[in-house]
Number of protein chains: 2
Amino acid sequence: MDYAELLIKRRSIRDYEEKAVPLDVVKDIINDSIKAPNAGNRQIWSFMIINDKNLLKKISDSNKNAILRGIERNPNSPMKVYEERLRDETYNVFYNAPCAVFIIGPAKAPTTAVDCALVASYFMLAATERGLGTCWSAQGGLIRDPDIMKELGVPENQEIIAPILLGYPQSIPPMPDRKEANIIKIHGVE
Amino acid sequence: MDYAELLIKRRSIRDYEEKAVPLDVVKDIINDSIKAPNAGNRQIWSFMIINDKNLLKKISDSNKNAILRGIERNPNSPMKVYEERLRDETYNVFYNAPCAVFIIGPAKAPTTAVDCALVASYFMLAATERGLGTCWSAQGGLIRDPDIMKELGVPENQEIIAPILLGYPQSIPPMPDRKEANIIKIHGVE
């Protein structure tokens, strides 16, 4: 697909078809993703594939509860704006996507956030190129239940940076508005 | 350009032609970059364009000295592996690129690293699509001299996340090897 078209089609998808994503397709997308630039080409990223809507629902319920408890403890929490939605029983932080891929890296290593975001960006574009939709669900990664972390098998010294939903989009929404790029300063030739 | 071709051509470029990058081209690349997904579509990123090889050389000299002083203080520093190169007077952390764009975000905000890396990833692809080369120079962002930060005009509550070189490549090297993708676990249908 032409990159200009890809830029338009890569949108955050929150409405998925009832159609499983073949594992081979997920792996192909991952294999394109790891072509991303990364610090010292050390490729510190790992992937977890969750092709199980029941498990995703279980994580969603647990995370919603944990976030709501956080808001109760701290009414100034930045999550407060999501409270009403989080209290909606029909709301699933994974938007009922058939699949999620968690991009994981060494906890607290200096380049983990950046390297995982770079590979996540490539992941979302590679999925779009194959007609799939994605959405980075920050709430999906806020797992506070150690039993769920154990069930998932996230190694103890690793952290989830990018929880990305994956599925076939019901439709592709238009690009939300962008602000004018904030160019703080231009040094040299203008 | 087709995305499959773009994936191959987007390489870290460390050898640039003696040819300035027109400011309009830099701005076009930035305008494509900000189509990147980002937390809550808040677009917390800012850009600084440095179209001035003398200023880049000054930053490079200062950063090299600061990194070397750090290695002297701490011989176990992870930067130790770069010591020989850093002591080479001909080495420029910006690889004599004619231009650099610093992607900047709010210091210590929870999504700054990730949001700036997402937009940086888009920046590198958009540059490649236009026949330009890029390289993320981590050493370029390690500015320890407050006078240089002042001269640059980086606001005090902001930090440089992605210092990206930009210029016309002398040549495009082949993709360095990738390890097999590390899929920790597959839950559900295999």
# chains A, B, ... in the order shown; residues from 1 in each chain; ligands from 1
$ residues_around --residues "A:Ile160" --least-positions-apart "4" --cutoff "12 Å" --atoms "only C-alpha atoms" --output "number ranges by chain"
A: 45-48, 101-108, 112-113, 116-117, 120, 136-144, 149, 152-156, 164
$ interface_residues --of "chain B" --to "chain A" --cutoff "6 Å" --atoms "only C-alpha atoms" --output "list in words"
Met1, Asp2, Tyr3, Ser46, Phe47, Met48, Ile49, Ile50, Asn51, Asp52, Ala113, Val114, Ala117, Leu118, Ser121, Asn182, Ile183, Ile184, Lys185, Ile186, His187, Gly188 and Val189 of chain B
$ write_last_selection --atoms "C-alpha atoms" --output "CSV table (one decimal), in the first residue's frame"
chain,number,residue,atom,x,y,z
B,1,MET,CA,6.1,5.1,-2.1
B,2,ASP,CA,4.9,1.6,-1.4
B,3,TYR,CA,5.2,0.7,2.3
B,46,SER,CA,7.1,20.1,19.8
B,47,PHE,CA,9.8,20.4,17.2
B,48,MET,CA,13.0,22.4,16.9
B,49,ILE,CA,14.7,22.6,13.5
B,50,ILE,CA,18.5,23.1,13.5
B,51,ASN,CA,19.6,24.0,9.9
B,52,ASP,CA,23.0,25.1,11.0
B,113,ALA,CA,8.7,9.3,25.8
B,114,VAL,CA,6.1,7.2,24.0
B,117,ALA,CA,8.9,8.2,19.8
B,118,LEU,CA,5.7,7.6,17.9
B,121,SER,CA,8.9,7.0,13.9
B,182,ASN,CA,10.7,-12.9,20.8
B,183,ILE,CA,7.1,-14.0,21.3
B,184,ILE,CA,7.0,-14.7,25.0
B,185,LYS,CA,3.6,-16.4,24.9
B,186,ILE,CA,0.5,-17.0,22.8
B,187,HIS,CA,-2.8,-17.2,24.7
B,188,GLY,CA,-5.8,-18.7,22.9
B,189,VAL,CA,-5.9,-20.1,19.4
$ closest_residue --among "B:Ala109, B:Ala97, B:Ile148, B:Leu68" --to "B:Ile13" --atoms "only C-alpha atoms"
B:Ala97
$ residues_around --residues "stretch 14-18 of chain A" --least-positions-apart "5" --cutoff "12 Å" --atoms "only C-alpha atoms" --output "PyMOL selection string"
chain A and resi 53+91-99+131-137+164-173
$ select_by_dssp --residues "stretch 133-165 of chain A" --states "strand (DSSP E)" --output "list in words"
Gly133, Thr134, Cys135, Trp136, Gln158, Glu159, Ile160, Ile161, Ala162, Pro163, Ile164 and Leu165 of chain A
$ select_by_dssp --residues "stretch 50-180 of chain B" --states "helix (DSSP H, G or I)" --output "VMD selection string"
chain B and resid 53 to 73 78 to 87 112 to 129 138 to 141 146 to 152
$ decode --residues "stretch 164-175 of chain B" --atoms "all heavy atoms" --output "PDB file, in the first residue's frame"
ATOM      1  N   ILE B 164      16.789  13.854  15.816  1.00  0.00           N
ATOM      2  CA  ILE B 164      16.812  13.120  14.542  1.00  0.00           C
ATOM      3  C   ILE B 164      17.595  13.906  13.501  1.00  0.00           C
ATOM      4  O   ILE B 164      17.272  15.057  13.212  1.00  0.00           O
ATOM      5  CB  ILE B 164      15.376  12.900  14.015  1.00  0.00           C
ATOM      6  CG1 ILE B 164      14.455  12.360  15.107  1.00  0.00           C
ATOM      7  CG2 ILE B 164      15.399  12.001  12.785  1.00  0.00           C
ATOM      8  CD1 ILE B 164      14.473  10.902  15.311  1.00  0.00           C
ATOM      9  N   LEU B 165      18.616  13.267  12.943  1.00  0.00           N
ATOM     10  CA  LEU B 165      19.365  13.878  11.841  1.00  0.00           C
ATOM     11  C   LEU B 165      18.537  13.782  10.568  1.00  0.00           C
ATOM     12  O   LEU B 165      17.765  12.834  10.398  1.00  0.00           O
ATOM     13  CB  LEU B 165      20.679  13.135  11.584  1.00  0.00           C
ATOM     14  CG  LEU B 165      21.466  12.720  12.810  1.00  0.00           C
ATOM     15  CD1 LEU B 165      22.819  12.200  12.387  1.00  0.00           C
ATOM     16  CD2 LEU B 165      21.585  13.886  13.753  1.00  0.00           C
ATOM     17  N   LEU B 166      18.783  14.725   9.687  1.00  0.00           N
ATOM     18  CA  LEU B 166      18.026  14.754   8.437  1.00  0.00           C
ATOM     19  C   LEU B 166      18.928  15.278   7.325  1.00  0.00           C
ATOM     20  O   LEU B 166      19.599  16.307   7.495  1.00  0.00           O
ATOM     21  CB  LEU B 166      16.807  15.672   8.611  1.00  0.00           C
ATOM     22  CG  LEU B 166      15.836  15.787   7.441  1.00  0.00           C
ATOM     23  CD1 LEU B 166      15.129  14.461   7.196  1.00  0.00           C
ATOM     24  CD2 LEU B 166      14.798  16.880   7.730  1.00  0.00           C
ATOM     25  N   GLY B 167      18.947  14.575   6.214  1.00  0.00           N
ATOM     26  CA  GLY B 167      19.745  15.020   5.072  1.00  0.00           C
ATOM     27  C   GLY B 167      19.606  14.035   3.929  1.00  0.00           C
ATOM     28  O   GLY B 167      18.893  13.030   4.042  1.00  0.00           O
ATOM     29  N   TYR B 168      20.275  14.352   2.829  1.00  0.00           N
ATOM     30  CA  TYR B 168      20.234  13.459   1.668  1.00  0.00           C
ATOM     31  C   TYR B 168      21.327  12.409   1.835  1.00  0.00           C
ATOM     32  O   TYR B 168      22.496  12.751   2.027  1.00  0.00           O
ATOM     33  CB  TYR B 168      20.407  14.273   0.385  1.00  0.00           C
ATOM     34  CG  TYR B 168      19.216  15.189   0.175  1.00  0.00           C
ATOM     35  CD1 TYR B 168      19.229  16.498   0.670  1.00  0.00           C
ATOM     36  CD2 TYR B 168      18.068  14.736  -0.446  1.00  0.00           C
ATOM     37  CE1 TYR B 168      18.121  17.325   0.525  1.00  0.00           C
ATOM     38  CE2 TYR B 168      16.956  15.562  -0.597  1.00  0.00           C
ATOM     39  CZ  TYR B 168      16.988  16.850  -0.113  1.00  0.00           C
ATOM     40  OH  TYR B 168      15.888  17.668  -0.232  1.00  0.00           O
ATOM     41  N   PRO B 169      20.967  11.129   1.801  1.00  0.00           N
ATOM     42  CA  PRO B 169      21.961  10.081   2.056  1.00  0.00           C
ATOM     43  C   PRO B 169      22.950   9.931   0.907  1.00  0.00           C
ATOM     44  O   PRO B 169      22.557  10.043  -0.260  1.00  0.00           O
ATOM     45  CB  PRO B 169      21.118   8.808   2.198  1.00  0.00           C
ATOM     46  CG  PRO B 169      19.799   9.096   1.570  1.00  0.00           C
ATOM     47  CD  PRO B 169      19.610  10.587   1.564  1.00  0.00           C
ATOM     48  N   GLN B 170      24.207   9.706   1.251  1.00  0.00           N
ATOM     49  CA  GLN B 170      25.191   9.350   0.214  1.00  0.00           C
ATOM     50  C   GLN B 170      24.833   7.989  -0.354  1.00  0.00           C
ATOM     51  O   GLN B 170      24.979   7.732  -1.543  1.00  0.00           O
ATOM     52  CB  GLN B 170      26.594   9.285   0.846  1.00  0.00           C
ATOM     53  CG  GLN B 170      27.093  10.613   1.369  1.00  0.00           C
ATOM     54  CD  GLN B 170      28.275  11.134   0.565  1.00  0.00           C
ATOM     55  OE1 GLN B 170      28.573  10.624  -0.504  1.00  0.00           O
ATOM     56  NE2 GLN B 170      28.933  12.153   1.088  1.00  0.00           N
ATOM     57  N   SER B 171      24.396   7.091   0.513  1.00  0.00           N
ATOM     58  CA  SER B 171      23.963   5.768   0.074  1.00  0.00           C
ATOM     59  C   SER B 171      23.070   5.204   1.174  1.00  0.00           C
ATOM     60  O   SER B 171      23.065   5.711   2.297  1.00  0.00           O
ATOM     61  CB  SER B 171      25.161   4.852  -0.149  1.00  0.00           C
ATOM     62  OG  SER B 171      25.853   4.690   1.072  1.00  0.00           O
ATOM     63  N   ILE B 172      22.313   4.173   0.823  1.00  0.00           N
ATOM     64  CA  ILE B 172      21.417   3.552   1.796  1.00  0.00           C
ATOM     65  C   ILE B 172      21.972   2.169   2.128  1.00  0.00           C
ATOM     66  O   ILE B 172      22.008   1.282   1.273  1.00  0.00           O
ATOM     67  CB  ILE B 172      19.976   3.449   1.243  1.00  0.00           C
ATOM     68  CG1 ILE B 172      19.439   4.867   0.940  1.00  0.00           C
ATOM     69  CG2 ILE B 172      19.061   2.738   2.237  1.00  0.00           C
ATOM     70  CD1 ILE B 172      18.045   4.899   0.344  1.00  0.00           C
ATOM     71  N   PRO B 173      22.445   1.983   3.353  1.00  0.00           N
ATOM     72  CA  PRO B 173      23.044   0.680   3.705  1.00  0.00           C
ATOM     73  C   PRO B 173      21.962  -0.397   3.801  1.00  0.00           C
ATOM     74  O   PRO B 173      20.781  -0.084   3.947  1.00  0.00           O
ATOM     75  CB  PRO B 173      23.676   0.940   5.072  1.00  0.00           C
ATOM     76  CG  PRO B 173      22.918   2.091   5.651  1.00  0.00           C
ATOM     77  CD  PRO B 173      22.428   2.913   4.493  1.00  0.00           C
ATOM     78  N   PRO B 174      22.361  -1.666   3.717  1.00  0.00           N
ATOM     79  CA  PRO B 174      21.371  -2.738   3.882  1.00  0.00           C
ATOM     80  C   PRO B 174      20.861  -2.784   5.330  1.00  0.00           C
ATOM     81  O   PRO B 174      21.492  -2.226   6.235  1.00  0.00           O
ATOM     82  CB  PRO B 174      22.157  -4.009   3.542  1.00  0.00           C
ATOM     83  CG  PRO B 174      23.586  -3.650   3.752  1.00  0.00           C
ATOM     84  CD  PRO B 174      23.722  -2.181   3.498  1.00  0.00           C
ATOM     85  N   MET B 175      19.729  -3.427   5.526  1.00  0.00           N
ATOM     86  CA  MET B 175      19.170  -3.523   6.875  1.00  0.00           C
ATOM     87  C   MET B 175      20.053  -4.418   7.752  1.00  0.00           C
ATOM     88  O   MET B 175      20.407  -5.517   7.333  1.00  0.00           O
ATOM     89  CB  MET B 175      17.759  -4.130   6.805  1.00  0.00           C
ATOM     90  CG  MET B 175      17.041  -4.086   8.154  1.00  0.00           C
ATOM     91  SD  MET B 175      15.362  -4.794   8.094  1.00  0.00           S
ATOM     92  CE  MET B 175      14.600  -3.757   6.860  1.00  0.00           C
TER      93      MET B 175
END
